[in-house]
file run-v7.csv (CSV, C-alpha atoms and all ligand atoms)
chain,number,residue,atom,x,y,z
T,1,MET,CA,2.1,-19.0,-24.6
T,2,THR,CA,3.2,-16.1,-26.6
T,3,LEU,CA,2.4,-12.4,-25.8
T,4,SER,CA,-1.0,-11.2,-26.8
T,5,ALA,CA,-1.4,-7.5,-27.6
T,6,ILE,CA,-4.1,-5.5,-25.8
T,7,ALA,CA,-5.0,-2.5,-28.0
T,8,PRO,CA,-6.2,0.6,-26.1
T,9,ARG,CA,-9.2,2.7,-27.0
T,10,ARG,CA,-9.2,6.5,-26.4
T,11,ALA,CA,-11.5,7.9,-23.7
T,12,THR,CA,-12.0,11.2,-21.9
T,13,VAL,CA,-11.9,11.3,-18.1
T,14,GLY,CA,-13.4,14.2,-16.3
T,15,GLU,CA,-13.4,17.5,-18.2
T,16,SER,CA,-10.2,17.3,-20.1
T,17,THR,CA,-8.0,14.3,-19.6
T,18,THR,CA,-7.6,12.0,-22.6
T,19,VAL,CA,-6.7,8.5,-21.7
T,20,SER,CA,-5.7,5.2,-23.3
T,21,ARG,CA,-8.0,2.5,-21.9
T,22,TYR,CA,-6.7,-1.1,-22.0
T,23,LEU,CA,-9.1,-2.8,-19.6
T,24,PRO,CA,-11.8,-3.8,-19.9
T,25,THR,CA,-11.5,-4.6,-23.5
T,26,ARG,CA,-13.2,-6.9,-26.0
T,27,GLY,CA,-12.4,-10.5,-25.0
T,28,ARG,CA,-10.7,-9.6,-21.7
T,29,THR,CA,-12.3,-8.1,-18.6
T,30,THR,CA,-9.7,-8.9,-16.0
T,31,VAL,CA,-6.0,-9.7,-15.3
T,32,GLY,CA,-6.2,-11.2,-11.9
T,33,ALA,CA,-8.6,-8.9,-10.1
T,34,TRP,CA,-7.4,-5.9,-12.1
T,35,CYS,CA,-10.5,-4.8,-14.1
T,36,PHE,CA,-9.7,-1.3,-15.3
T,37,LEU,CA,-6.5,0.2,-16.7
T,38,ASP,CA,-6.1,3.8,-18.0
T,39,HIS,CA,-2.8,5.4,-19.0
T,40,TYR,CA,-2.7,9.2,-19.5
T,41,GLY,CA,0.0,11.6,-20.5
T,42,PRO,CA,2.7,12.8,-20.3
T,43,ASP,CA,0.5,15.9,-20.8
T,44,ASP,CA,1.5,19.5,-20.4
T,45,VAL,CA,-0.8,20.8,-17.7
T,46,ASP,CA,1.0,24.1,-17.1
T,47,ALA,CA,-1.9,25.9,-18.9
T,48,GLY,CA,-5.4,24.8,-19.1
T,49,PRO,CA,-7.6,22.9,-16.5
T,50,GLY,CA,-5.3,19.9,-15.9
T,51,MET,CA,-7.1,17.0,-14.4
T,52,GLN,CA,-10.6,17.9,-13.3
T,53,VAL,CA,-12.5,14.8,-12.3
T,54,ALA,CA,-15.5,16.0,-10.2
T,55,PRO,CA,-17.1,14.0,-7.4
T,56,HIS,CA,-18.4,10.6,-8.6
T,57,PRO,CA,-19.3,7.3,-6.9
T,58,HIS,CA,-17.8,3.8,-6.9
T,59,VAL,CA,-19.0,0.4,-5.5
T,60,GLY,CA,-17.5,-3.1,-5.5
T,61,LEU,CA,-13.9,-2.1,-6.3
T,62,GLN,CA,-10.7,-0.5,-5.2
T,63,THR,CA,-9.1,2.4,-7.2
T,64,VAL,CA,-5.3,2.6,-7.6
T,65,THR,CA,-3.8,6.0,-8.6
T,66,TRP,CA,-0.2,5.9,-9.6
T,67,LEU,CA,1.7,8.8,-11.0
T,68,LEU,CA,4.8,8.8,-13.1
T,69,HIS,CA,5.1,12.6,-13.2
T,70,GLY,CA,3.1,15.4,-11.7
T,71,GLU,CA,0.6,15.8,-8.9
T,72,VAL,CA,-3.1,15.1,-8.3
T,73,VAL,CA,-5.2,15.9,-5.2
T,74,HIS,CA,-7.7,13.2,-4.0
T,75,ARG,CA,-10.7,14.1,-1.9
T,76,ASP,CA,-13.4,11.6,-0.8
T,77,SER,CA,-16.6,11.3,1.1
T,78,LEU,CA,-14.8,9.9,4.1
T,79,GLY,CA,-13.1,13.3,4.5
T,80,SER,CA,-9.8,12.2,3.1
T,81,GLU,CA,-7.7,14.9,1.3
T,82,GLN,CA,-4.4,13.8,0.0
T,83,ALA,CA,-2.0,15.0,-2.6
T,84,ILE,CA,-0.3,12.2,-4.5
T,85,ARG,CA,3.1,12.4,-6.1
T,86,PRO,CA,5.3,9.9,-8.1
T,87,GLY,CA,6.4,6.9,-6.2
T,88,GLN,CA,3.4,7.1,-3.8
T,89,LEU,CA,0.2,5.0,-3.9
T,90,ASN,CA,-3.3,6.1,-3.4
T,91,LEU,CA,-5.6,3.1,-2.8
T,92,MET,CA,-9.3,3.7,-2.2
T,93,THR,CA,-11.6,0.9,-1.3
T,94,ALA,CA,-15.1,1.7,-2.5
T,95,GLY,CA,-16.7,-1.4,-1.0
T,96,SER,CA,-20.4,-0.6,-0.3
T,97,GLY,CA,-20.0,2.9,-1.6
T,98,ILE,CA,-17.7,6.0,-1.7
T,99,ALA,CA,-17.5,9.2,-3.7
T,100,HIS,CA,-14.3,10.9,-4.7
T,101,ALA,CA,-12.8,13.7,-6.8
T,102,GLU,CA,-9.3,13.9,-8.4
T,103,THR,CA,-8.0,17.2,-9.5
T,104,SER,CA,-4.8,18.9,-10.5
T,105,PRO,CA,-3.5,21.5,-8.0
T,106,PRO,CA,-4.4,25.1,-9.0
T,107,PRO,CA,-2.4,26.6,-11.9
T,108,GLY,CA,0.9,28.0,-10.7
T,109,GLU,CA,1.0,25.4,-7.9
T,110,ARG,CA,1.2,22.3,-10.1
T,111,PRO,CA,4.1,20.5,-11.7
T,112,PRO,CA,3.9,21.2,-15.5
T,113,VAL,CA,3.7,17.6,-16.6
T,114,LEU,CA,1.0,15.0,-15.7
T,115,HIS,CA,1.6,11.4,-16.5
T,116,GLY,CA,-0.1,8.5,-14.7
T,117,LEU,CA,-2.2,5.4,-14.4
T,118,GLN,CA,-5.6,4.8,-13.0
T,119,LEU,CA,-6.6,1.2,-12.2
T,120,TRP,CA,-9.4,-0.6,-10.5
T,121,VAL,CA,-9.3,-3.9,-8.6
T,122,ALA,CA,-12.5,-5.9,-8.5
T,123,LEU,CA,-13.4,-7.0,-4.9
T,124,PRO,CA,-14.1,-10.7,-4.6
T,125,GLY,CA,-17.7,-11.8,-3.8
T,126,GLU,CA,-17.3,-12.5,-0.1
T,127,ARG,CA,-15.5,-9.2,0.4
T,128,ARG,CA,-17.1,-6.9,-2.1
T,129,ALA,CA,-18.9,-4.6,0.3
T,130,PRO,CA,-16.4,-3.8,3.1
T,131,ASP,CA,-16.6,-0.5,4.8
T,132,PRO,CA,-15.1,2.1,2.4
T,133,GLY,CA,-11.5,3.1,3.1
T,134,PHE,CA,-8.6,5.2,1.8
T,135,GLU,CA,-4.9,4.5,2.1
T,136,HIS,CA,-2.0,6.7,1.1
T,137,ARG,CA,1.3,4.9,1.0
T,138,PRO,CA,4.1,7.3,0.5
T,139,GLU,CA,6.8,4.6,1.0
T,140,LEU,CA,6.7,1.4,-0.9
T,141,PRO,CA,9.2,-1.4,-1.0
T,142,VAL,CA,11.6,-1.6,-3.9
T,143,ALA,CA,13.0,-4.9,-5.2
T,144,ASP,CA,16.4,-4.9,-6.7
T,145,LEU,CA,16.1,-7.0,-9.8
T,146,GLY,CA,19.8,-7.7,-9.8
T,147,GLY,CA,20.8,-6.5,-13.3
T,148,GLY,CA,22.4,-3.1,-13.9
T,149,GLY,CA,20.1,-1.1,-11.7
T,150,ALA,CA,16.8,-2.6,-12.7
T,151,ARG,CA,14.3,-2.4,-9.9
T,152,ALA,CA,10.6,-2.7,-9.2
T,153,ARG,CA,8.5,-0.6,-6.9
T,154,VAL,CA,5.8,-2.8,-5.6
T,155,LEU,CA,2.4,-1.2,-5.4
T,156,VAL,CA,0.4,-4.2,-4.2
T,157,GLY,CA,1.2,-7.8,-3.5
T,158,GLU,CA,4.7,-9.2,-3.6
T,159,LEU,CA,7.4,-9.3,-6.3
T,160,ALA,CA,11.0,-10.5,-6.0
T,161,GLY,CA,11.0,-10.6,-2.2
T,162,ALA,CA,9.5,-7.1,-1.8
T,163,ARG,CA,5.9,-6.9,-0.3
T,164,SER,CA,3.6,-3.9,-0.4
T,165,PRO,CA,1.8,-3.0,2.8
T,166,ALA,CA,-1.3,-1.9,0.8
T,167,THR,CA,-4.6,-3.8,1.6
T,168,VAL,CA,-5.9,-6.0,-1.2
T,169,HIS,CA,-8.5,-8.8,-1.0
T,170,SER,CA,-7.3,-11.4,-3.6
T,171,PRO,CA,-3.9,-12.8,-4.7
T,172,LEU,CA,-2.6,-9.8,-6.7
T,173,VAL,CA,0.5,-8.1,-7.8
T,174,GLY,CA,1.2,-4.7,-9.3
T,175,ALA,CA,4.7,-3.2,-9.7
T,176,ASP,CA,6.4,-0.3,-11.5
T,177,VAL,CA,9.5,-1.8,-13.1
T,178,THR,CA,12.3,0.5,-14.0
T,179,VAL,CA,14.2,-1.6,-16.5
T,180,GLY,CA,16.5,1.1,-17.9
T,181,GLY,CA,19.2,-0.4,-20.1
T,182,ALA,CA,19.4,-3.6,-18.1
T,183,ARG,CA,18.6,-7.2,-19.1
T,184,VAL,CA,16.9,-9.0,-16.2
T,185,GLU,CA,14.7,-12.0,-15.4
T,186,VAL,CA,11.9,-11.1,-13.0
T,187,PRO,CA,10.5,-14.0,-10.9
T,188,LEU,CA,6.7,-14.5,-11.3
T,189,ASP,CA,4.1,-16.5,-9.4
T,190,PRO,CA,3.1,-19.2,-11.8
T,191,ASP,CA,-0.4,-19.4,-10.3
T,192,HIS,CA,-0.9,-15.8,-11.5
T,193,GLU,CA,-1.8,-14.5,-14.9
T,194,HIS,CA,0.1,-11.4,-15.9
T,195,ALA,CA,0.1,-8.4,-18.2
T,196,VAL,CA,2.6,-5.6,-18.9
T,197,LEU,CA,2.1,-2.0,-20.0
T,198,VAL,CA,5.2,-0.2,-21.3
T,199,ALA,CA,5.1,3.3,-19.7
T,200,GLY,CA,8.5,4.6,-20.9
T,201,GLY,CA,11.1,3.8,-23.6
T,202,THR,CA,11.1,0.5,-25.3
T,203,VAL,CA,11.3,-2.9,-23.5
T,204,ALA,CA,11.9,-6.3,-25.0
T,205,VAL,CA,9.5,-8.6,-23.1
T,206,GLU,CA,10.4,-12.2,-23.7
T,207,GLY,CA,12.3,-11.0,-26.7
T,208,VAL,CA,9.4,-9.0,-28.2
T,209,SER,CA,10.1,-5.3,-28.5
T,210,LEU,CA,7.3,-3.2,-27.1
T,211,GLY,CA,7.3,0.6,-27.3
T,212,THR,CA,5.7,3.1,-24.9
T,213,GLY,CA,2.0,2.5,-24.7
T,214,SER,CA,2.1,-1.1,-25.7
T,215,CYS,CA,0.3,-3.6,-23.5
T,216,ALA,CA,0.5,-7.3,-23.6
T,217,TYR,CA,-1.3,-10.2,-21.9
T,218,LEU,CA,1.2,-12.9,-20.8
T,219,GLY,CA,-1.1,-15.7,-19.6
T,220,ARG,CA,-0.4,-18.0,-16.7
T,221,ARG,CA,2.3,-20.5,-15.7
T,222,ARG,CA,5.3,-18.3,-16.1
T,223,ARG,CA,8.0,-18.6,-13.5
T,224,ARG,CA,10.1,-15.7,-14.8
T,225,LEU,CA,9.9,-12.9,-17.3
T,226,SER,CA,12.8,-11.7,-19.3
T,227,LEU,CA,13.1,-7.9,-19.8
T,228,ALA,CA,15.7,-5.9,-21.7
T,229,GLY,CA,15.2,-2.2,-21.9
T,230,ASP,CA,16.6,0.9,-23.5
T,231,PRO,CA,17.7,3.6,-21.0
T,232,ALA,CA,14.1,5.0,-20.6
T,233,GLY,CA,12.6,1.5,-20.4
T,234,ARG,CA,9.9,1.3,-17.8
T,235,LEU,CA,6.8,-0.9,-17.5
T,236,LEU,CA,3.9,-1.7,-15.2
T,237,LEU,CA,3.6,-5.3,-14.3
T,238,LEU,CA,0.1,-6.5,-13.3
T,239,GLY,CA,-1.0,-10.0,-12.2
T,240,GLY,CA,-3.1,-12.1,-10.0
T,241,GLU,CA,-5.0,-15.3,-9.7
T,242,PRO,CA,-7.5,-15.4,-12.5
T,243,PHE,CA,-10.7,-13.8,-11.3
T,244,ALA,CA,-13.4,-16.5,-11.7
T,245,GLU,CA,-16.6,-14.4,-10.9
T,246,PRO,CA,-18.4,-12.8,-13.8
T,247,LEU,CA,-18.6,-9.1,-13.3
T,248,VAL,CA,-21.3,-6.6,-14.2
T,249,MET,CA,-19.5,-3.4,-14.9
T,250,TRP,CA,-21.2,-0.2,-15.7
T,251,TRP,CA,-20.0,3.4,-15.4
T,252,ASN,CA,-18.1,3.6,-12.0
T,253,PHE,CA,-19.7,0.5,-10.5
T,254,VAL,CA,-18.6,-3.1,-10.4
T,255,GLY,CA,-21.2,-5.6,-9.3
T,256,ARG,CA,-22.7,-9.1,-9.9
T,257,SER,CA,-26.2,-8.2,-11.1
T,258,ALA,CA,-28.1,-5.6,-13.1
T,259,GLU,CA,-30.2,-4.9,-10.0
T,260,GLU,CA,-27.2,-4.1,-7.9
T,261,ILE,CA,-25.9,-1.6,-10.4
T,262,ALA,CA,-29.3,0.0,-10.9
T,263,GLU,CA,-29.6,0.4,-7.1
T,264,ALA,CA,-26.2,2.0,-6.9
T,265,ARG,CA,-27.1,4.4,-9.7
T,266,ALA,CA,-30.5,5.3,-8.1
T,267,ASP,CA,-28.7,5.9,-4.7
T,268,TRP,CA,-26.2,8.3,-6.3
T,269,GLU,CA,-28.9,10.2,-8.2
T,270,ALA,CA,-31.0,10.5,-5.0
T,271,GLY,CA,-28.0,11.6,-2.9
T,272,ARG,CA,-28.0,8.5,-0.7
T,273,ARG,CA,-25.3,6.1,0.4
T,274,PHE,CA,-22.2,7.7,-1.0
T,275,GLY,CA,-21.9,10.9,1.1
T,276,ASP,CA,-20.4,14.2,0.0
T,277,VAL,CA,-17.0,15.2,-1.2
T,278,GLY,CA,-15.7,18.4,0.2
T,279,GLY,CA,-15.1,21.5,-2.0
T,280,VAL,CA,-12.5,21.2,-4.7
T,281,PRO,CA,-10.5,24.4,-4.8
T,282,GLY,CA,-9.7,25.6,-8.3
T,283,GLY,CA,-12.0,22.9,-9.7
T,284,SER,CA,-15.5,21.9,-10.2
T,285,THR,CA,-17.6,21.1,-7.2
T,286,ALA,CA,-20.5,19.8,-9.2
T,287,ARG,CA,-21.0,16.1,-8.8
T,288,VAL,CA,-21.0,14.0,-11.9
T,289,PRO,CA,-24.5,12.9,-12.8
T,290,ALA,CA,-25.0,9.2,-13.7
T,291,PRO,CA,-25.6,8.5,-17.4
T,292,PRO,CA,-28.9,6.8,-18.2
T,293,LEU,CA,-28.8,3.0,-18.0
T,294,PRO,CA,-28.5,1.4,-21.4
T,295,PRO,CA,-31.6,-0.1,-22.9
T,296,GLY,CA,-31.8,-3.8,-22.3
T,297,ARG,CA,-30.4,-5.7,-19.4
T,298,LEU,CA,-26.8,-5.2,-18.2
T,299,ARG,CA,-25.0,-8.6,-18.6
T,300,PRO,CA,-22.0,-10.0,-16.9
T,301,ARG,CA,-18.7,-9.7,-18.7
T,302,ARG,CA,-16.7,-12.9,-18.9
T,401,MN,MN,-13.0,7.4,-9.6

call {"tool": "encode", "arguments": {"input": "run-v7.csv", "output": "structure tokens", "more": "lines below"}}
Ligand code: MN
result
Amino acid sequence: MTLSAIAPRRATVGESTTVSRYLPTRGRTTVGAWCFLDHYGPDDVDAGPGMQVAPHPHVGLQTVTWLLHGEVVHRDSLGSEQAIRPGQLNLMTAGSGIAHAETSPPPGERPPVLHGLQLWVALPGERRAPDPGFEHRPELPVADLGGGGARARVLVGELAGARSPATVHSPLVGADVTVGGARVEVPLDPDHEHAVLVAGGTVAVEGVSLGTGSCAYLGRRRRRLSLAGDPAGRLLLLGGEPFAEPLVMWWNFVGRSAEEIAEARADWEAGRRFGDVGGVPGGSTARVPAPPLPPGRLRPRR
């Protein structure tokens, strides 16, 4: 099949971070188990609040935080406190319930530019409520793609012989591919569907020129992907076995039924289940209240 463009919509995350949101989108909820994809920056955060995402809950998913520039501090209700920098992975498994906050370091202590990606992975039915957990992976494998310095840092799953140690619960791949000015063929798992998001420069994907911020769904049954970049060419490659279960997604929750979502919301509002996130120096400590449920019944996305 040919490439199919995924157009982003603009959204605001926390107090001040404007993002381009690619998933979920009309007509497509998932790529593999990837069910949420935000791209933000590069933003000048030297002045102003920077990223200020106050404590909020999640269920039924894993969050992946991946920075291209800058620094963000993660805190969660398990007591984790972890600064994340480019090349490192923060992977939080919400499972039955967790709360977290993500904030820029205080002014004067933060790098001036913030640029990154926030993704969610839907947990499959039989594993959707494991104990919550948090993994920081400062060292990730890098696959040499064999063409003029092109390489892929593998966040999750396996690509071109490099396998990430990060814990995932379905056949999945995510990689940050530095194409540069090279021309390469990246081997893919034909059982996976894939998508790409260009995060820097311009990359010709299967001969189609995509600029920064362009996202394309690639379908299944590809054994290789041809990439040709300009010197700044860089993209995120996402894939996995198509996720067969219909998902009910609302606010920060991924579930299977309207009742499950309503119960998670009620527990957050009542201060049950999710625990407390410690203080956030230089940022807001107020927890984010859940919005009202929409009128009518929440329906599964397909
Ligand atoms: Mn979150």

call {"tool": "atom_distance", "arguments": {"input": "run-v7.csv", "atom1": "CA of Asp43 in chain T", "atom2": "CA of Met249 in chain T"}}
result
28.4 Å

call {"tool": "residues_near_ligand", "arguments": {"input": "run-v7.csv", "ligand": "ligand MN 401 (chain T)", "cutoff": "10 Å", "atoms": "only C-alpha atoms and all ligand atoms", "output": "PyMOL selection string"}}
result
chain T and resi 13-14+53-58+62-65+74+76+92+94+98-102+118-120+251-253

call {"tool": "residues_around", "arguments": {"input": "run-v7.csv", "residues": "range 218-223 of chain T", "least_positions_apart": "3", "cutoff": "10 Å", "atoms": "all atoms listed in the file", "output": "PyMOL selection string"}}
result
chain T and resi 1-5+31+185-196+205-206+215+238-242

call {"tool": "residues_around", "arguments": {"input": "run-v7.csv", "residues": "range 137-146 of chain T", "least_positions_apart": "3", "cutoff": "9 Å", "atoms": "all atoms listed in the file", "output": "ChimeraX atom specification"}}
result
/T:84-85,87-91,149-155,159-166,179,184-186

call {"tool": "write_last_selection", "arguments": {"input": "run-v7.csv", "atoms": "C-alpha atoms", "output": "PDB file, keeping the file's coordinate frame"}}
result
ATOM      1  CA  ILE T  84      -0.300  12.200  -4.500  1.00  0.00           C
ATOM      2  CA  ARG T  85       3.100  12.400  -6.100  1.00  0.00           C
ATOM      3  CA  GLY T  87       6.400   6.900  -6.200  1.00  0.00           C
ATOM      4  CA  GLN T  88       3.400   7.100  -3.800  1.00  0.00           C
ATOM      5  CA  LEU T  89       0.200   5.000  -3.900  1.00  0.00           C
ATOM      6  CA  ASN T  90      -3.300   6.100  -3.400  1.00  0.00           C
ATOM      7  CA  LEU T  91      -5.600   3.100  -2.800  1.00  0.00           C
ATOM      8  CA  GLY T 149      20.100  -1.100 -11.700  1.00  0.00           C
ATOM      9  CA  ALA T 150      16.800  -2.600 -12.700  1.00  0.00           C
ATOM     10  CA  ARG T 151      14.300  -2.400  -9.900  1.00  0.00           C
ATOM     11  CA  ALA T 152      10.600  -2.700  -9.200  1.00  0.00           C
ATOM     12  CA  ARG T 153       8.500  -0.600  -6.900  1.00  0.00           C
ATOM     13  CA  VAL T 154       5.800  -2.800  -5.600  1.00  0.00           C
ATOM     14  CA  LEU T 155       2.400  -1.200  -5.400  1.00  0.00           C
ATOM     15  CA  LEU T 159       7.400  -9.300  -6.300  1.00  0.00           C
ATOM     16  CA  ALA T 160      11.000 -10.500  -6.000  1.00  0.00           C
ATOM     17  CA  GLY T 161      11.000 -10.600  -2.200  1.00  0.00           C
ATOM     18  CA  ALA T 162       9.500  -7.100  -1.800  1.00  0.00           C
ATOM     19  CA  ARG T 163       5.900  -6.900  -0.300  1.00  0.00           C
ATOM     20  CA  SER T 164       3.600  -3.900  -0.400  1.00  0.00           C
ATOM     21  CA  PRO T 165       1.800  -3.000   2.800  1.00  0.00           C
ATOM     22  CA  ALA T 166      -1.300  -1.900   0.800  1.00  0.00           C
ATOM     23  CA  VAL T 179      14.200  -1.600 -16.500  1.00  0.00           C
ATOM     24  CA  VAL T 184      16.900  -9.000 -16.200  1.00  0.00           C
ATOM     25  CA  GLU T 185      14.700 -12.000 -15.400  1.00  0.00           C
ATOM     26  CA  VAL T 186      11.900 -11.100 -13.000  1.00  0.00           C
TER      27      VAL T 186
END

call {"tool": "atom_distance", "arguments": {"input": "run-v7.csv", "atom1": "CA of Pro300 in chain T", "atom2": "CA of Ala258 in chain T"}}
result
8.4 Å

call {"tool": "residues_around", "arguments": {"input": "run-v7.csv", "residues": "Asp276 in chain T", "least_positions_apart": "2", "cutoff": "7 Å", "atoms": "all atoms listed in the file", "output": "MDAnalysis selection string"}}
result
chainID T and resid 77 99 274 278

call {"tool": "atom_distance", "arguments": {"input": "run-v7.csv", "atom1": "CA of Phe36 in chain T", "atom2": "CA of Trp268 in chain T"}}
result
21.1 Å

call {"tool": "closest_residue", "arguments": {"input": "run-v7.csv", "among": "T:Val45, T:Leu117, T:Leu227, T:Ala175", "to": "Gly213 in chain T", "atoms": "all atoms listed in the file"}}
result
T:Leu117
